[in-house]
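K.L.:
Can you keep this structure in mind? I'll have questions shortly.
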Amino acid sequence: MTNRFAAALLLPLALATAAHAAPQRKKPAPPPPKPLPIGDTVRIALTTDLGVITLELDHKHAPITTENFVAYVDQKRFDGTVFYRALRLPWGDAPNGLIQGGTQNDPKRILKPIAHEPTTQTGILHKAWTISMARYDPGTATGDFSIMLGDQPALDADPKASGDNAGYAAFGHVIDGKDVVLKIYNAPVDPAKGEGGMKGQMIAAPIKIISAKRVLDPAPPPPAPQP
């Protein structure tokens with residue numbers, strides 16, 4: 001009886017120990033949510049330390065570049081990045097130049113580089129308030145972008161020019177918050193910061209991008225009452 005009683009006690013203990021020791025199967029990670037569709041245009045609100053900049057991106061004419069930017073927005077890769085550069089050109093009508101912001105090639109934030117969409121293909125030129133992707137060689141753009149202050153035709157593609165004549169990929173424009181763009185443009189720069197041609201163009205206290213989100217187009221006004 002004693003042996004049977006001891007065996008009865010040990011059996012559930014052994015089963016419990018074996019169950020505890022058995023490796024636990026990891027639950028498969030849920031699939032990532034499918035990205036929301038993008039229409040011919042999409043609006044993005046960049047909330048910064050100095051206010052909100054609203055962009056309208058041209059998906060119809062620059063689909064690759066727009067989808068790339070929206071992917072950074074949807075995946076919150078811009079949240080916590082900064083505007084870090086203010087290029088002030090001493091010619092033309094003031095203000096003239098650009099501001100630049102984004103991921104600064106942070107390997108934890110950047111996605112794969114995208115194919116280049118030149119202005120000769122999209123028809124979107126570097127006019128005042130246009131947004132454009134920063135790059136090194138064509139096809140290296142990731143998560144850094146610039147907003148124009150003043151027309152910058154030198155950034156458009158020029159097939160007749162020698163060397164790198166592909167220009168930059170413009171893909172939308174500012175529709176609200178131009179005052180915020182101007183505040184960033186006028187932020188103090190550090191004359192010692194920056195390398196090469198960008199020395200003296202780096203903002204001393206970079207302007208934080210708190211969040212980047214899609215926003216809905218405004219609802220159309222109600223129809224006028226009939227007389």
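Chain labels run A, B, ... following the order of the structure tokens; each chain numbers its residues from 1, and ligands are numbered from 1 in the order shown.
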Please return as a list in words: the residues of stretch 77-143 of chain A that backbone DSSP assigns to alpha helix (DSSP H).
P.N.:
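DSSP-assigned alpha helix (DSSP H) residues in stretch 77-143 of chain A: Thr119, Thr120, Gln121 and Thr122 of chain A.
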K.L.:
I'd like the contact shell of stretch 190-200 of chain A - 10 Å cut-off, only C-alpha atoms, skipping same-chain residues fewer than 4 positions apart - returned as a ChimeraX atom specification.
P.N.:
/A:85-87,204-205
K.L.:
In Å to one decimal, how far is atom CA of A:Pro95 from atom CA of A:Asn68?
P.N.:
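Answer for the atom CA of A:Asn68 to atom CA of A:Pro95 separation: 28.9 Å.
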K.L.:
Skipping near chain neighbours, those fewer than 2 positions away, what residues fall within 8 Å of A:Thr120 using only C-alpha atoms, listed as a PyMOL selection string?
P.N.:
chain A and resi 118+122-123+156-158
K.L.:
Please give the complete set of residues from stretch 101-223 of chain A that DSSP, run on the backbone, assigns to strand (DSSP E or B), formatted as a PyMOL selection string.
P.N.:
chain A and resi 101-102+130-133+144-149+170-176+189+202-215
K.L.:
Next, write the just-selected residues to a file, as a compact mmCIF listing (two decimals), in the first residue's frame, keeping N, CA, C and O atoms as the atom set.
P.N.:
```
# COMPACT_ATOMS: atom_id res chain seq x y z
N GLY A 101 15.08 67.66 -43.40
CA GLY A 101 14.83 66.87 -42.20
C GLY A 101 14.71 65.40 -42.53
O GLY A 101 14.87 64.99 -43.68
N GLY A 102 14.42 64.59 -41.51
CA GLY A 102 14.23 63.16 -41.72
C GLY A 102 15.14 62.29 -40.89
O GLY A 102 15.59 62.68 -39.81
N THR A 130 7.70 73.22 -52.54
CA THR A 130 7.71 71.82 -52.98
C THR A 130 8.50 70.98 -52.00
O THR A 130 9.51 71.42 -51.44
N ILE A 131 8.09 69.73 -51.81
CA ILE A 131 8.86 68.76 -51.02
C ILE A 131 9.56 67.81 -51.98
O ILE A 131 9.01 67.42 -53.01
N SER A 132 10.79 67.46 -51.63
CA SER A 132 11.64 66.66 -52.52
C SER A 132 12.51 65.74 -51.67
O SER A 132 12.83 66.05 -50.52
N MET A 133 12.89 64.59 -52.25
CA MET A 133 13.73 63.64 -51.52
C MET A 133 15.21 64.00 -51.64
O MET A 133 15.70 64.36 -52.71
N ASP A 144 15.18 60.98 -45.97
CA ASP A 144 15.50 62.39 -45.76
C ASP A 144 14.88 63.21 -46.88
O ASP A 144 14.87 62.80 -48.04
N PHE A 145 14.38 64.38 -46.54
CA PHE A 145 13.61 65.17 -47.49
C PHE A 145 13.87 66.65 -47.27
O PHE A 145 14.35 67.08 -46.20
N SER A 146 13.56 67.45 -48.29
CA SER A 146 13.74 68.90 -48.23
C SER A 146 12.45 69.60 -48.65
O SER A 146 11.68 69.08 -49.45
N ILE A 147 12.25 70.80 -48.11
CA ILE A 147 11.14 71.66 -48.50
C ILE A 147 11.74 72.95 -49.05
O ILE A 147 12.58 73.59 -48.40
N MET A 148 11.31 73.31 -50.25
CA MET A 148 11.88 74.46 -50.94
C MET A 148 11.30 75.78 -50.41
O MET A 148 10.12 75.89 -50.14
N LEU A 149 12.17 76.78 -50.29
CA LEU A 149 11.74 78.16 -50.11
C LEU A 149 12.27 78.90 -51.33
O LEU A 149 13.47 79.10 -51.49
N ALA A 170 10.97 65.47 -56.76
CA ALA A 170 9.92 66.25 -56.12
C ALA A 170 8.62 65.46 -56.17
O ALA A 170 8.35 64.77 -57.15
N PHE A 171 7.79 65.58 -55.11
CA PHE A 171 6.61 64.70 -55.07
C PHE A 171 5.42 65.30 -54.35
O PHE A 171 4.45 64.60 -54.05
N GLY A 172 5.44 66.59 -54.07
CA GLY A 172 4.30 67.21 -53.41
C GLY A 172 4.64 68.63 -52.99
O GLY A 172 5.68 69.18 -53.38
N HIS A 173 3.75 69.23 -52.17
CA HIS A 173 3.99 70.60 -51.76
C HIS A 173 3.29 70.89 -50.43
O HIS A 173 2.39 70.15 -49.99
N VAL A 174 3.71 71.97 -49.80
CA VAL A 174 3.11 72.42 -48.55
C VAL A 174 1.80 73.12 -48.85
O VAL A 174 1.74 74.01 -49.71
N ILE A 175 0.73 72.73 -48.16
CA ILE A 175 -0.55 73.42 -48.34
C ILE A 175 -0.96 74.20 -47.10
O ILE A 175 -1.87 75.03 -47.17
N ASP A 176 -0.30 73.96 -45.98
CA ASP A 176 -0.60 74.72 -44.76
C ASP A 176 0.64 74.65 -43.86
O ASP A 176 1.41 73.68 -43.91
N VAL A 189 21.70 78.78 -36.99
CA VAL A 189 22.57 77.69 -37.43
C VAL A 189 23.91 77.79 -36.71
O VAL A 189 24.28 78.85 -36.20
N MET A 202 23.82 73.75 -40.68
CA MET A 202 23.15 72.86 -39.74
C MET A 202 22.53 73.66 -38.60
O MET A 202 23.17 74.54 -38.00
N ILE A 203 21.27 73.38 -38.32
CA ILE A 203 20.54 74.11 -37.28
C ILE A 203 21.15 73.79 -35.91
O ILE A 203 21.37 72.63 -35.57
N ALA A 204 21.43 74.86 -35.15
CA ALA A 204 22.11 74.69 -33.87
C ALA A 204 21.29 73.83 -32.91
O ALA A 204 21.84 72.95 -32.23
N ALA A 205 20.00 74.07 -32.83
CA ALA A 205 19.09 73.27 -31.99
C ALA A 205 18.04 72.69 -32.92
O ALA A 205 17.01 73.33 -33.18
N PRO A 206 18.27 71.49 -33.48
CA PRO A 206 17.35 70.93 -34.48
C PRO A 206 15.89 70.93 -34.01
O PRO A 206 15.61 70.77 -32.83
N ILE A 207 14.99 71.12 -34.97
CA ILE A 207 13.56 71.21 -34.68
C ILE A 207 12.95 69.82 -34.74
O ILE A 207 12.96 69.17 -35.79
N LYS A 208 12.40 69.36 -33.64
CA LYS A 208 11.89 67.99 -33.55
C LYS A 208 10.61 67.81 -34.33
O LYS A 208 9.71 68.65 -34.31
N ILE A 209 10.53 66.69 -35.06
CA ILE A 209 9.28 66.23 -35.67
C ILE A 209 8.62 65.30 -34.65
O ILE A 209 9.06 64.16 -34.46
N ILE A 210 7.63 65.80 -33.97
CA ILE A 210 6.99 65.03 -32.91
C ILE A 210 6.23 63.84 -33.49
O ILE A 210 6.30 62.72 -32.98
N SER A 211 5.50 64.09 -34.58
CA SER A 211 4.75 63.00 -35.21
C SER A 211 4.51 63.35 -36.67
O SER A 211 4.52 64.52 -37.07
N ALA A 212 4.29 62.31 -37.47
CA ALA A 212 3.90 62.45 -38.88
C ALA A 212 2.72 61.52 -39.10
O ALA A 212 2.82 60.32 -38.85
N LYS A 213 1.59 62.07 -39.56
CA LYS A 213 0.37 61.28 -39.70
C LYS A 213 -0.36 61.66 -40.98
O LYS A 213 -0.29 62.79 -41.44
N ARG A 214 -1.07 60.67 -41.53
CA ARG A 214 -1.99 60.98 -42.61
C ARG A 214 -3.16 61.78 -42.05
O ARG A 214 -3.60 61.58 -40.91
N VAL A 215 -3.68 62.69 -42.87
CA VAL A 215 -4.87 63.44 -42.48
C VAL A 215 -5.89 63.33 -43.61
O VAL A 215 -5.53 63.17 -44.78
```
K.L.:
Compile the contact shell of A:Lys178 as a list in words: residues with an atom at most 9 Å away, counting only C-alpha atoms, same-chain residues fewer than 5 positions apart removed.
P.N.:
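Counting only C-alpha atoms, the residues come to Ile53, Thr54, Trp129 and Lys183 of chain A.
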K.L.:
Could you name the residues that touch A:Asn96 at 10 Å or less, counting only C-alpha atoms, but leaving out those on the same chain fewer than 4 positions away, as a PyMOL selection string?
P.N.:
chain A and resi 87-92+128+148-152+185
K.L.:
How many Å separate atom CA of A:Asp40 from atom CA of A:Glu67?
P.N.:
11.1 Å
K.L.:
Which residue out of A:Ile110, A:Thr65, A:Gln121, A:Gln75 has the minimum interatomic distance to A:Gly139 when only C-alpha atoms are used?
P.N.:
A:Thr65
K.L.:
Please list as a list of chain:residue names every residue within 9 Å of A:Ile64, counting only C-alpha atoms and excluding residues in the same chain fewer than 3 positions away.
P.N.:
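Selected residues are A:His59, A:Glu67, A:Asn68, A:Phe69, A:Ile114, A:Ala115, A:His116, A:Glu117.
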